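Some notes on the structure that comes next.
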Amino acid sequence: MKKTFYLLPLVLATSFQVKGQKSILTPENNPVDKSLIHEEFYEMAWYMLKDSSKIEIGKVRTEIKKKKKRIYIITTVEMPSAPTTWVDSTIVGRRKLEPMYHYSFNQQRDMVLNFSEQVTGYYNDKRSGKKTEISESVDAPFFDSNFYPQLIRWLPLKTGYSSTIAIFDYNPKSGTGVLTATIKNTEQATLELKGVIKDVWKVTVTDDISKNTAISTFYLEKESRKVIQQEIDLGDGKMVMELVD
């Protein structure tokens with residue numbers, strides 16, 4: 001269970017070409033196609049693959065709301081093995097998609113992050129009873145690590161697209177600060193959803209949160225950019241999330 005909860009941000013969880021040179025994507029260097037951003041609600045079934053078995057371990061529901069100056073992404077996770085629902089909420093600015101606020105509550109810990117000139121908030125470890133006040137100075141722009149899987153959906157994807165994204169992540173055990181997520185490759189593919197063949201972008205991603213050991217593959221419907229499926233290869237195991245229509 002501990003490993004499953006750690007990996008959720010990877011589940012939920014680029015170098016942009018400018019005049020022939022590569023630079024890291026940040027809110028200040030942001031090629032997102034905002035016409036792709038819509039209010040929506042979708043549900044994914046979450047499975048663990050073991051040998052030849054496919055075991056459902058939960059449901060992940062995501063809601064995106066657009067307000068005048070902000071975009072809200074609210075994620076809830078329900079697992080039969082967990083006594084409480086995991087709730088994650090991220091707020092970003094609508095113009096640049098810069099991080100503004102993030103909270104995450106689950107049975108193991110609560111975390112709140114406020115993004116301004118400094119990152120402030122708290123991390124409450126429910127297992128140890130230790131509450132840590134957060135005050136982190138940062139000197140470069142970044143996206144919220146919880147937000148970047150959504151950001152990928154709205155990038156100008158094409159065959160061979162690769163890129164690096166600056167992200168901020170807080171983890172008292174594995175490290176805190178500005179890290180990177182890397183889109184390794186993008187290719188065209190097809191995927192069947194409830195008997196219908198969909199044209200998709202297959203986007204392969206790693207990040208520093210997992211020390212680039214976990215590989216996430218997103219299958220995004222080409223026109224709508226809906227998340228049809230996501231695979232998470234852990235090296236010694238694999239998880240899959242599939243859209244529930």
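Labeling convention for the structure tokens: chains A, B, ... as they appear, residues from 1 per chain, ligands from 1 in order of appearance.
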
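Taking segment 145-219 of chain A and asking which residues DSSP calls helix (DSSP H, G or I) on the backbone, you get A:Tyr148, A:Pro149, A:Gln150, A:Leu151, A:Ile152, A:Arg153, A:Asp208, A:Ile209, A:Ser210.
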
Please, which residues in segment 112-168 of chain A fall within 10 Å of segment 86-95 of chain A when counting only C-alpha atoms, and what is the closest atom pair and distance in Å to one decimal for each, ordered by chain then residue number, as a Markdown table?
```
| residue | atom | partner | partner_atom | distance |
| --- | --- | --- | --- | --- |
| A:Val112 | CA | A:Ser89 | CA | 9.6 |
| A:Leu113 | CA | A:Thr90 | CA | 9.5 |
| A:Asn114 | CA | A:Ile91 | CA | 9.8 |
| A:Phe115 | CA | A:Val92 | CA | 9.6 |
| A:Phe143 | CA | A:Val92 | CA | 8.7 |
| A:Asp144 | CA | A:Thr90 | CA | 8.1 |
| A:Ser145 | CA | A:Thr90 | CA | 9.8 |
| A:Asn146 | CA | A:Thr90 | CA | 7.2 |
| A:Phe147 | CA | A:Thr90 | CA | 6.9 |
```

Would you put the residues from that selection into a file with N, CA, C and O atoms, as a compact mmCIF listing (two decimals), in the first residue's frame?
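The file below, again-v8.txt, is the result:
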```txt
# COMPACT_ATOMS: atom_id res chain seq x y z
N VAL A 112 -0.22 20.73 2.29
CA VAL A 112 -0.73 21.97 1.71
C VAL A 112 0.46 22.79 1.22
O VAL A 112 1.44 22.98 1.95
N LEU A 113 0.39 23.28 -0.02
CA LEU A 113 1.42 24.13 -0.59
C LEU A 113 0.80 25.41 -1.14
O LEU A 113 -0.16 25.34 -1.92
N ASN A 114 1.34 26.54 -0.75
CA ASN A 114 0.95 27.84 -1.30
C ASN A 114 2.14 28.36 -2.11
O ASN A 114 3.26 28.46 -1.58
N PHE A 115 1.88 28.71 -3.36
CA PHE A 115 2.97 29.13 -4.25
C PHE A 115 2.93 30.65 -4.43
O PHE A 115 1.94 31.21 -4.89
N PHE A 143 6.29 24.47 -12.90
CA PHE A 143 4.91 24.01 -12.77
C PHE A 143 4.80 23.14 -11.52
O PHE A 143 5.79 22.59 -11.04
N ASP A 144 3.60 23.02 -11.00
CA ASP A 144 3.33 22.10 -9.90
C ASP A 144 3.51 20.68 -10.41
O ASP A 144 2.99 20.32 -11.47
N SER A 145 4.22 19.83 -9.66
CA SER A 145 4.45 18.45 -10.10
C SER A 145 3.14 17.68 -10.26
O SER A 145 3.05 16.77 -11.08
N ASN A 146 2.12 18.05 -9.50
CA ASN A 146 0.84 17.36 -9.60
C ASN A 146 0.07 17.76 -10.87
O ASN A 146 -0.85 17.06 -11.29
N PHE A 147 0.48 18.86 -11.47
CA PHE A 147 -0.22 19.41 -12.63
C PHE A 147 0.34 18.93 -13.96
O PHE A 147 -0.36 18.90 -14.98
```

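You can rank A:Lys126, A:Glu136, A:Gly121, A:Tyr47 by their closest distance to Ile232 of chain A using only C-alpha atoms, and at the top of that list sits A:Tyr47.
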
Residue neighbourhood segment 212-221 of chain A, 10 Å, only C-alpha atoms, exclusion window fewer than 5 positions, as a PyMOL selection string: chain A and resi 7+10-11+13+149+152-153+180-191+198-207+226-242

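Using only C-alpha atoms, the contacts of Asn30 of chain A at a cut-off of 10 Å, with sequence neighbours closer than 5 positions omitted, comprise Thr14, Phe16, Ile24, Leu25, Lys96, Leu97, Glu98, Leu151, Leu155 and Ile165 of chain A.
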
Expected file contents, prior selection, N, CA and C atoms, as an mmCIF file, in the first residue's frame:
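Result written to out-v8.cif:
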```cif
data_model
loop_
_atom_site.group_PDB
_atom_site.id
_atom_site.type_symbol
_atom_site.label_atom_id
_atom_site.label_comp_id
_atom_site.auth_asym_id
_atom_site.auth_seq_id
_atom_site.Cartn_x
_atom_site.Cartn_y
_atom_site.Cartn_z
ATOM 1 N N THR A 14 9.684 19.800 -21.232
ATOM 2 C CA THR A 14 9.866 19.299 -22.576
ATOM 3 C C THR A 14 10.827 20.295 -23.225
ATOM 4 N N PHE A 16 11.310 22.755 -25.368
ATOM 5 C CA PHE A 16 10.610 23.515 -26.398
ATOM 6 C C PHE A 16 11.632 24.112 -27.347
ATOM 7 N N ILE A 24 14.009 24.592 -21.173
ATOM 8 C CA ILE A 24 13.057 23.893 -20.327
ATOM 9 C C ILE A 24 11.729 24.628 -20.312
ATOM 10 N N LEU A 25 10.642 23.871 -20.356
ATOM 11 C CA LEU A 25 9.309 24.467 -20.291
ATOM 12 C C LEU A 25 9.001 24.932 -18.882
ATOM 13 N N LYS A 96 -0.855 31.759 -17.515
ATOM 14 C CA LYS A 96 0.446 31.114 -17.688
ATOM 15 C C LYS A 96 0.492 29.683 -17.163
ATOM 16 N N LEU A 97 -0.579 29.262 -16.460
ATOM 17 C CA LEU A 97 -0.632 27.940 -15.820
ATOM 18 C C LEU A 97 0.386 27.818 -14.695
ATOM 19 N N GLU A 98 0.752 28.960 -14.113
ATOM 20 C CA GLU A 98 1.677 28.959 -12.993
ATOM 21 C C GLU A 98 0.990 28.400 -11.739
ATOM 22 N N LEU A 151 -0.778 19.093 -18.117
ATOM 23 C CA LEU A 151 -0.059 19.980 -19.043
ATOM 24 C C LEU A 151 0.322 19.260 -20.323
ATOM 25 N N LEU A 155 0.024 20.276 -24.873
ATOM 26 C CA LEU A 155 1.219 20.698 -25.603
ATOM 27 C C LEU A 155 1.057 20.447 -27.109
ATOM 28 N N ILE A 165 10.260 19.528 -18.659
ATOM 29 C CA ILE A 165 9.365 20.422 -17.931
ATOM 30 C C ILE A 165 9.926 20.662 -16.537
#
```
